[in-house]
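Participant: Sending over run_18.txt (compact mmCIF, C-alpha atoms).
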# COMPACT_ATOMS: atom_id res chain seq x y z
CA LYS A 251 2.31 -20.11 -13.45
CA THR A 252 0.16 -19.16 -16.42
CA ASP A 253 2.39 -16.58 -18.11
CA ARG A 254 5.39 -16.88 -20.40
CA SER A 255 7.81 -16.84 -17.46
CA PHE A 256 6.27 -19.87 -15.80
CA THR A 257 9.16 -22.28 -15.75
CA ASN A 258 12.88 -22.77 -15.48
CA VAL A 259 14.54 -25.91 -16.82
CA CYS A 260 18.13 -26.92 -16.12
CA VAL A 261 19.85 -29.46 -18.40
CA PRO A 262 23.56 -29.49 -17.46
CA THR A 263 26.49 -30.34 -19.70
CA CYS A 264 29.32 -32.61 -18.54
CA ARG A 265 32.47 -34.29 -19.89
CA LYS A 266 30.53 -37.48 -20.54
CA THR A 267 28.13 -35.57 -22.77
CA TYR A 268 31.05 -33.97 -24.63
CA TRP A 269 32.62 -37.33 -25.51
CA ALA A 270 29.24 -38.83 -26.38
CA LYS A 271 28.77 -36.03 -28.88
CA ARG A 272 32.26 -36.53 -30.36
CA LYS A 273 31.77 -40.28 -30.76
CA GLY A 274 28.24 -39.86 -32.07
CA GLN A 275 29.33 -37.30 -34.65
CA ALA A 276 32.19 -39.57 -35.80
CA ALA A 277 29.77 -42.49 -36.21
CA LEU A 278 27.32 -40.28 -38.10
CA ASP A 279 30.06 -38.99 -40.42
CA LYS A 280 31.11 -42.58 -41.17
CA GLU A 281 27.52 -43.56 -41.93
CA ASN A 282 27.05 -40.52 -44.19
CA ALA A 283 30.26 -41.36 -46.05
CA SER A 284 28.86 -44.84 -46.78
CA LEU A 285 25.61 -43.32 -48.02
CA ALA A 286 27.48 -40.85 -50.22
CA ALA A 287 29.49 -43.69 -51.77
CA THR A 288 26.25 -45.30 -52.95
CA GLY A 289 24.76 -41.98 -54.08
CA GLU A 290 22.25 -41.73 -51.26
CA PRO A 291 21.71 -38.42 -49.43
CA PRO A 292 22.51 -38.31 -45.70
CA LYS A 293 19.55 -38.26 -43.31
CA LEU A 294 21.35 -36.09 -40.74
CA THR A 295 24.60 -34.17 -40.81
CA LYS A 296 24.80 -33.07 -37.18
CA PHE A 297 24.65 -35.53 -34.28
CA GLU A 298 22.48 -34.63 -31.29
CA THR A 299 22.93 -36.10 -27.83
CA ASP A 300 19.88 -36.91 -25.74
CA LYS A 301 20.45 -33.73 -23.73
CA GLU A 302 20.55 -31.60 -26.88
CA LYS A 303 17.33 -33.21 -28.11
CA LEU A 304 15.75 -32.46 -24.73
CA ARG A 305 16.89 -28.83 -24.86
CA ARG A 306 15.48 -28.44 -28.36
CA THR A 307 12.19 -30.03 -27.34
CA ILE A 308 11.91 -27.73 -24.32
CA ARG A 309 12.74 -24.60 -26.33
CA THR A 310 10.18 -25.52 -28.99
CA ALA A 311 7.48 -26.16 -26.38
CA LEU A 312 8.27 -22.92 -24.54
CA SER A 313 8.10 -20.85 -27.71
CA SER A 314 4.44 -21.67 -28.28
CA ALA A 315 2.99 -22.76 -24.91
CA ILE A 316 0.38 -20.44 -23.39
CA SER A 317 0.17 -22.13 -19.97
CA PHE A 318 1.98 -24.72 -17.88
CA GLU A 319 -0.67 -27.28 -18.83
CA ASP A 320 0.00 -26.57 -22.51
CA PHE A 321 3.78 -26.67 -21.96
CA SER A 322 3.57 -29.98 -20.13
CA GLY A 323 1.25 -31.42 -22.77
CA LYS A 324 3.68 -30.54 -25.57
CA LEU A 325 6.52 -32.22 -23.68
CA LEU A 326 4.44 -35.33 -23.05
CA GLN A 327 3.64 -35.55 -26.77
CA GLN A 328 7.38 -35.74 -27.41
CA GLY A 329 7.88 -38.45 -24.81
CA VAL A 330 9.31 -36.18 -22.10
CA THR A 331 8.40 -37.12 -18.52
CA VAL A 332 7.24 -34.21 -16.33
CA ILE A 333 7.39 -34.05 -12.52
CA THR A 334 6.21 -30.93 -10.71
CA TYR A 335 7.57 -29.73 -7.39
CA ASP A 336 6.87 -26.82 -5.04
CA ALA A 337 3.83 -25.77 -7.12
CA ASP A 338 1.53 -28.44 -8.55
CA VAL A 339 -0.53 -28.34 -11.74
CA PRO A 340 -2.80 -31.40 -11.37
CA ASP A 341 -4.27 -31.34 -14.90
CA SER A 342 -0.94 -31.01 -16.70
CA GLY A 343 -0.35 -34.71 -17.24
CA ARG A 344 2.61 -34.68 -14.89
CA LEU A 345 3.87 -37.99 -13.48
CA CYS A 346 3.72 -36.88 -9.84
CA TYR A 347 4.00 -33.87 -7.56
CA VAL A 348 6.56 -33.34 -4.82
CA GLY A 349 5.98 -30.45 -2.44
CA GLN A 350 4.00 -28.92 0.36
CA ASP A 351 0.50 -30.05 1.29
CA LEU A 352 -0.92 -26.60 0.67
CA VAL A 353 -4.33 -27.19 2.26
CA ARG A 354 -2.72 -28.59 5.40
CA ALA A 355 -0.28 -25.66 5.53
CA GLY A 356 -3.22 -23.25 5.50
CA ALA A 357 -5.03 -25.27 8.16
CA ILE A 358 -1.98 -25.18 10.44
CA ALA A 359 -1.83 -21.40 10.09
CA ALA A 360 -5.54 -21.12 10.91
CA GLY A 361 -5.16 -23.29 14.00
CA VAL A 362 -2.43 -21.01 15.33
CA MET A 363 -4.32 -17.87 14.31
CA ALA A 364 -7.38 -18.99 16.29
CA ARG A 365 -5.19 -18.87 19.41
CA LEU A 366 -4.10 -15.30 18.69
CA ILE A 367 -7.49 -13.71 17.99
CA ARG A 368 -11.06 -14.28 19.16
CA PRO A 369 -14.46 -13.48 17.61
CA PRO A 370 -15.54 -10.85 16.69
CA GLU A 371 -11.97 -9.98 15.64
CA HIS A 372 -11.19 -10.32 11.94
CA VAL A 373 -8.22 -11.63 9.93
CA LEU A 374 -6.95 -10.43 6.55
CA ILE A 375 -5.82 -13.16 4.14
CA VAL A 376 -3.31 -12.01 1.53
CA SER A 377 -2.94 -14.21 -1.56
CA GLY A 378 -1.12 -13.79 -4.84
CA ASN A 379 -3.48 -15.17 -7.46
CA LEU A 380 -6.36 -17.47 -6.55
CA ARG A 381 -6.45 -18.86 -10.07
CA MET A 382 -3.17 -20.59 -9.26
CA GLU A 383 -3.54 -23.88 -7.40
CA SER A 384 -0.37 -23.24 -5.38
CA HIS A 385 -1.93 -20.03 -4.01
CA LYS A 386 -5.55 -21.15 -3.70
CA GLY A 387 -4.74 -24.31 -1.70
CA ARG A 388 -3.38 -22.47 1.33
CA VAL A 389 -6.29 -20.02 1.36
CA ASP A 390 -8.85 -22.83 1.14
CA GLY A 391 -7.17 -24.75 3.96
CA PHE A 392 -7.00 -21.65 6.16
CA CYS A 393 -10.62 -20.61 5.63
CA ARG A 394 -12.00 -24.12 6.08
CA ARG A 395 -10.15 -24.66 9.35
CA LEU A 396 -11.08 -21.22 10.69
CA LEU A 397 -14.75 -22.02 10.13
CA GLU A 398 -14.32 -25.37 11.89
CA LEU A 399 -12.89 -23.53 14.89
CA GLY A 400 -16.04 -21.44 15.33
CA PHE A 401 -15.31 -18.29 13.31
CA SER A 402 -17.96 -16.98 10.94
CA GLU A 403 -17.46 -16.35 7.22
CA ASP A 404 -17.39 -12.60 7.77
CA ALA A 405 -14.42 -13.05 10.14
CA TYR A 406 -11.97 -13.09 7.25
CA GLN A 407 -11.33 -11.02 4.16
CA VAL A 408 -9.29 -12.26 1.18
CA ILE A 409 -7.33 -9.95 -1.10
CA GLU A 410 -5.24 -10.79 -4.18
CA THR A 411 -2.08 -8.82 -4.85
CA ASN A 412 -0.32 -10.85 -7.60
CA GLU A 413 2.72 -10.91 -5.29
CA MET A 414 3.47 -7.27 -6.18
CA PRO A 415 5.06 -5.38 -3.24
CA ASP A 416 3.50 -1.97 -3.93
CA LEU A 417 0.03 -3.37 -4.56
CA THR A 418 0.30 -5.55 -1.46
CA SER A 419 1.27 -2.55 0.65
CA GLU A 420 -1.59 -0.45 -0.70
CA LEU A 421 -4.30 -3.09 -0.29
CA VAL A 422 -3.17 -4.16 3.19
CA ALA A 423 -3.17 -0.54 4.37
CA GLN A 424 -6.62 0.08 2.89
CA SER A 425 -8.04 -3.04 4.56
CA LEU A 426 -6.62 -2.15 7.98
CA VAL A 427 -7.91 1.42 7.78
CA SER A 428 -11.40 0.40 6.63
CA ASP A 429 -11.94 -2.41 9.18
CA SER A 430 -11.08 -1.61 12.79
CA ARG A 431 -11.74 -5.24 13.78
CA LEU A 432 -8.89 -6.56 11.61
CA HIS A 433 -6.40 -7.77 14.21
CA ALA A 434 -4.38 -10.28 12.21
CA VAL A 435 -2.91 -10.96 8.78
CA TYR A 436 -2.25 -14.35 7.15
CA MET A 437 0.28 -14.06 4.33
CA ALA A 438 -0.53 -17.10 2.21
CA ASN A 439 2.06 -15.97 -0.35
CA GLN A 440 4.73 -13.35 -0.84
CA PRO A 441 5.72 -10.51 -0.62
CA LEU A 442 5.96 -10.21 3.14
CA SER A 443 7.81 -6.90 2.83
CA GLY A 444 4.78 -5.37 1.07
CA CYS A 445 2.52 -6.54 3.90
CA ILE A 446 4.75 -5.01 6.57
CA SER A 447 4.87 -1.76 4.59
CA GLY A 448 1.07 -1.66 4.44
CA ILE A 449 0.74 -2.28 8.18
CA ARG A 450 3.10 0.61 8.87
CA LYS A 451 1.12 2.88 6.53
CA ALA A 452 -2.09 2.10 8.43
CA ARG A 453 -0.47 3.44 11.63
CA ARG A 454 -2.31 1.11 13.97
CA ALA A 455 -1.72 1.70 17.68
CA VAL A 456 -1.45 -2.08 18.18
CA ARG A 457 0.40 -4.17 15.61
CA PRO A 458 -1.73 -6.91 13.99
CA HIS A 459 -0.62 -10.50 14.45
CA ILE A 460 1.12 -11.93 11.38
CA ILE A 461 1.49 -15.53 10.27
CA CYS A 462 3.19 -16.24 6.95
CA ASN A 463 4.35 -19.14 4.83
CA ASP A 464 7.93 -20.02 3.85
CA LEU A 465 11.05 -19.07 5.80
CA THR A 466 12.45 -16.59 3.30
CA PRO A 467 15.27 -14.20 4.34
CA ALA A 468 12.63 -11.48 4.89
CA ALA A 469 10.45 -13.81 6.99
CA LYS A 470 13.46 -14.81 9.07
CA ARG A 471 14.35 -11.16 9.69
CA TYR A 472 10.81 -10.16 10.69
CA LEU A 473 10.36 -13.26 12.83
CA ARG A 474 13.60 -12.54 14.65
CA ASP A 475 12.62 -8.95 15.48
CA GLY A 476 9.09 -9.93 16.55
CA THR A 477 7.18 -8.35 13.67
CA VAL A 478 5.99 -11.77 12.49
CA ASP A 479 4.50 -14.17 15.06
CA PHE A 480 4.89 -17.52 13.30
CA VAL A 481 6.09 -18.97 9.98
CA VAL A 482 4.73 -22.17 8.44
CA GLY A 483 7.87 -23.50 6.82
CA GLN A 484 8.61 -26.12 4.20
CA THR A 485 11.85 -27.89 3.31
CA PHE A 486 12.78 -26.78 -0.20
CA SER A 487 15.87 -29.02 -0.33
CA GLN A 488 13.69 -32.02 0.47
CA GLU A 489 11.35 -31.09 -2.38
CA SER A 490 14.08 -30.82 -5.01
CA PHE A 491 15.83 -33.99 -3.77
CA GLN A 492 12.65 -36.08 -3.88
CA ALA A 493 11.75 -34.75 -7.33
CA VAL A 494 15.19 -35.60 -8.74
CA LEU A 495 15.11 -39.01 -7.02
CA ALA A 496 11.71 -39.81 -8.56
CA MET A 497 13.00 -38.82 -12.00
CA TYR A 498 16.17 -40.91 -11.51
CA GLN A 499 14.16 -43.97 -10.50
CA MET A 500 11.88 -43.53 -13.50
CA LEU A 501 14.50 -42.91 -16.18
CA LEU A 502 17.36 -45.15 -15.09
CA ARG A 503 15.55 -47.96 -13.31
CA GLY A 504 12.13 -47.86 -14.93
CA VAL A 505 10.45 -47.60 -11.53
CA LYS A 506 7.40 -45.34 -11.55
CA PRO A 507 6.48 -43.37 -8.40
CA LYS A 508 4.28 -45.43 -6.08
CA ARG A 509 1.91 -42.53 -5.55
CA GLU A 510 0.89 -39.34 -7.32
CA LEU A 511 1.48 -36.92 -4.44
CA TYR A 512 4.61 -36.76 -2.28
CA TYR A 513 4.18 -34.23 0.52
CA THR A 514 7.26 -32.88 2.26
CA ASP A 515 7.56 -31.99 5.95
CA LEU A 516 5.79 -28.98 7.42
CA ARG A 517 6.93 -27.21 10.56
CA LEU A 518 5.75 -24.25 12.59
CA ILE A 519 8.70 -21.93 13.17
CA THR A 520 8.92 -19.55 16.13
CA GLN A 521 11.36 -16.79 17.03
CA GLU A 522 13.07 -19.09 19.52
CA MET A 523 13.95 -21.60 16.79
CA LEU A 524 16.16 -19.16 14.86
What does the file become when written as structure tokens?

Facilitator:
Amino acid sequence: KTDRSFTNVCVPTCRKTYWAKRKGQAALDKENASLAATGEPPKLTKFETDKEKLRRTIRTALSSAISFEDFSGKLLQQGVTVITYDADVPDSGRLCYVGQDLVRAGAIAAGVMARLIRPPEHVLIVSGNLRMESHKGRVDGFCRRLLELGFSEDAYQVIETNEMPDLTSELVAQSLVSDSRLHAVYMANQPLSGCISGIRKARRAVRPHIICNDLTPAAKRYLRDGTVDFVVGQTFSQESFQAVLAMYQMLLRGVKPKRELYYTDLRLITQEML
């Protein structure tokens, strides 16, 4: 994301790190004692483990970075390898990306949507922020596939809600009230609860079809009760595992990823699969 809350970094501490710090500090103290005996000033007085150096580098980069690209660039300048997962930032200098093929996810949703509605019926596409690649990719894939399936460009309307529940509810309700031919909603991003709230506010006699991404607890609940028709799901555990595996291979074995993009499995989830 492009705000100051764009990232979370986890660098755990373990017993091995504790003893490495103790031994490193003892060695540093011994070295400083030798320097003091010859009248030379010590270079360092506090030993830092590799993890502590990494934490300090990350904190320093975060304190001044204005975007993920800037944050990644600062880390790369300090020799820190960056792998993105779930949401990609192609121009950040990252080593590789592990996550969903966003364009394909949108295309899958469009293929299913084309079986639920027919021209001249319209579909509302709800996105968070189209300036973010992780949001724009799904919308692009959906629109492109819908056009390939014979729908015209005026068959869909795209709104941005910054993933804010109240704004999503308000804009979805306005769209449904103003366009009587809107018979379906594609939730490219969250929040699904805001979308459902907006549909209820519009008080349509017939509920619009809904296809969303990601099997969140809310999506599972609405899919189970029939409010949502289909969910295009991704395997988050597979994403995190592949990202950690790529980092392990790079750092401990010196093996770089064989390709830049590692796409995880996509699946279309129905009510019967819950």

Participant: Find the distance between CA of Leu366 (chain A) and CA of Asp429 (chain A) and write it in Å to one decimal.

Facilitator: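 Going from CA of Leu366 (chain A) over to CA of Asp429 (chain A) covers 17.8 Å.
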
Participant: With distances taken over all atoms listed in the file, which residue among A:Arg457, A:Lys324, A:Arg354, A:His372 lies nearest Val408 (chain A)?

Facilitator: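 For Val408 (chain A), the nearest of the given residues is A:His372.
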
Participant: Could you check how far CA of Leu380 (chain A) sits from CA of Ile409 (chain A), in Å to one decimal?

Facilitator: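 Separation of CA of Leu380 (chain A) and CA of Ile409 (chain A): 9.3 Å.
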
Participant: What gap, in Å, lies between CA of Asn439 (chain A) and CA of Gln488 (chain A)?

Facilitator: 19.8 Å

Participant: Quick one: axis-aligned box around all listed atoms of region 300-307 of chain A, 5 Å on every side, centre and edge lengths in Å to one decimal, written as JSON.

Facilitator:
{"center_x": 16.4, "center_y": -32.7, "center_z": -26.0, "size_x": 18.4, "size_y": 18.5, "size_z": 14.6}

Participant: Give the answer as one residue: which of A:Tyr472, A:Phe392, A:Tyr513, A:Tyr347 has the shortest atom-to-atom distance to Thr485 (chain A), using all atoms listed in the file?

Facilitator: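 Smallest distance to Thr485 (chain A) is found for A:Tyr513.
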
Participant: Could you give me, as a list in words, the residues that sit within 12 Å of (-6.2, -2.5, 16.0) in the file's coordinates, counting all atoms listed in the file?

Facilitator: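 Result, sorted by chain then residue number: Ile367, Glu371, His372, Val373, Ser425, Leu426, Val427, Ser428, Asp429, Ser430, Arg431, Leu432, His433, Ala434, Val435, Ile449, Ala452, Arg453, Arg454, Ala455, Val456, Arg457, Pro458 and His459 of chain A.
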
Participant: Residues around (4.0, -15.6, 11.4), cut-off 10 Å, counting all atoms listed in the file - what are they as an MDAnalysis selection string?

Facilitator: chainID A and resid 359 362:363 434:437 459:465 469:470 472:473 476:483 518:521

Participant: With all atoms listed in the file as the basis for distance, which of A:Ile375, A:Val422, A:Met382, A:Ile358 is at the shortest distance from Phe318 (chain A)?

Facilitator: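 Closest to Phe318 (chain A) of all the choices is A:Met382.
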
Participant: I'd like the contact shell of Glu489 (chain A) - 7 Å cut-off, only C-alpha atoms, skipping same-chain residues fewer than 3 positions apart - returned as a PyMOL selection string.

Facilitator: chain A and resi 335-336+348-349+485-486+492-493+514

Participant: Please, which residues in region 342-452 of chain A fall within 12 Å of region 495-511 of chain A when counting all atoms listed in the file, and what is the closest atom pair and distance in Å to one decimal for each, ordered by chain then residue number, as a tab-separated table?

Facilitator:
residue	atom	partner	partner_atom	distance
A:Gly343	CA	A:Glu510	CA	11.0
A:Arg344	CA	A:Glu510	CA	9.1
A:Leu345	CA	A:Glu510	CA	7.0
A:Cys346	CA	A:Glu510	CA	4.5
A:Tyr347	CA	A:Leu511	CA	5.0
A:Val348	CA	A:Leu511	CA	6.2
A:Gly349	CA	A:Leu511	CA	8.1
A:Gln350	CA	A:Leu511	CA	9.7
A:Asp351	CA	A:Leu511	CA	9.0
A:Leu352	CA	A:Leu511	CA	11.8

Participant: Have a look at A:Leu516, A:Ile308, A:Met414, A:Val494 and name the one nearest to Phe321 (chain A); count all atoms listed in the file.

Facilitator: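 Checking each candidate against Phe321 (chain A), we get A:Ile308 as the closest.
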
Participant: So which one's closest to Pro467 (chain A), A:Ala287, A:Leu524, A:Val332, A:Ala315? Using all atoms listed in the file, please.

Facilitator: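 Nearest candidate to Pro467 (chain A) out of A:Ala287, A:Leu524, A:Val332, A:Ala315: A:Leu524.
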
Participant: Go through A:Gln424, A:Glu290, A:Arg306, A:His385 one by one, measure the shortest atom-to-atom distance of each to Gly356 (chain A) using only C-alpha atoms, and give the residue with the smallest value.

Facilitator: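 Closest to Gly356 (chain A) of all the choices is A:His385.
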
Participant: Name all residues at most 10 Å from Asn379 (chain A) (count all atoms listed in the file; drop same-chain ones fewer than 2 positions away) and give them as a tab-separated table (two decimals) with C-alpha atoms, in the frame of the given file.

Facilitator:
chain	number	residue	atom	x	y	z
A	251	LYS	CA	2.31	-20.11	-13.45
A	376	VAL	CA	-3.31	-12.01	1.53
A	377	SER	CA	-2.94	-14.21	-1.56
A	381	ARG	CA	-6.45	-18.86	-10.07
A	382	MET	CA	-3.17	-20.59	-9.26
A	383	GLU	CA	-3.54	-23.88	-7.40
A	384	SER	CA	-0.37	-23.24	-5.38
A	385	HIS	CA	-1.93	-20.03	-4.01
A	386	LYS	CA	-5.55	-21.15	-3.70
A	409	ILE	CA	-7.33	-9.95	-1.10
A	410	GLU	CA	-5.24	-10.79	-4.18
A	411	THR	CA	-2.08	-8.82	-4.85
A	412	ASN	CA	-0.32	-10.85	-7.60
A	413	GLU	CA	2.72	-10.91	-5.29
A	439	ASN	CA	2.06	-15.97	-0.35
